[in-house]
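First up is the structure itself, then whatever we jot down about it.
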Amino acid sequence: MRGRRGGARAARRRRGAEELRNYHSQPQTLPARREAAEHASALARDPRGKRAKLGFMPLSAAPYEERLTAPRSWWFLCLLAGASFALIMLPFGTLPMLAGLAGGTAAAAVVVSAYGSVRIRVVNGHLIAGEAKIPASALGDAEVLDAEEARAWRGPKADPRAFMLLRAYVPGALRVAVTDPQDPTPYVFLSTREPERLAQALRAARDGADAS
């Protein structure tokens, strides 16, 4: 009796192995292809559920963004401003002197932070520089300016009709022509630490606007 059962189990195992070989030797059916696709989709995600790095880069909402922060030396000037207020309040006692030191330093830091908080962005087909928002389709060629050329365009070459976002502590700049015939602004002058990358972002935004 036991021999018959053992022979039946061996026969079932042989039939199962034969069916498995036949399955792999035949073309995959639609369910098999669906299973393979689901497997590939699962492999395209890491254990945290994020997309795996398979050569695809996520699109950036802002291809260019720059904040024209003030240099570190300006923060030292904030301490000097606080010290000046402290000397002014010194005749009134120690507490007024300390209050002048703290208050003067804080006030100067707020001014420096606000002055350096202005941003330049290229997003959604627009150039956003400070409070100005200009469509990339209204802009022409961009000219990268080194420190000497930037000083010239800030001074004797400057056109009073131009839009200028200036930060004297930023040596480089970008000058972008305005091609909109209804806009009297001849060009946009932007102080920037990365003029080449900004010009590339503007070019890409303009090409995207023209394509659409």
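Labels used: A, B, ... for chains in the order of the structure tokens, numbers from 1 for residues in each chain, and numbers from 1 for ligands as shown.
With only C-alpha atoms taken into account, the protein and nucleic acid residues at most 8 Å from range 121-134 of chain A (excluding it and anything under 6 positions from it in its own chain) are A:Ala61, A:Ala62, A:Pro63, A:Tyr64, A:Glu65, A:Glu66, A:Leu165, A:Leu190, A:Ala201, A:Leu202, A:Ala205, A:Arg206, A:Gly208, A:Ala209.
Considering only C-alpha atoms, the residue among A:Leu174, A:Ala70, A:Ala158, A:Ala199 positioned nearest to Tyr115 in chain A is A:Ala70.
Proximity of A:Ala168, A:Ala204, A:Cys78, A:Leu198 to Ser113 in chain A, computed with only C-alpha atoms, is greatest for A:Cys78.
Minimum atom-to-atom distances from A:Ala106, A:Val188, A:Leu98, A:Ala162 to Glu143 in chain A were compared using only C-alpha atoms, and the lowest value belongs to A:Val188.
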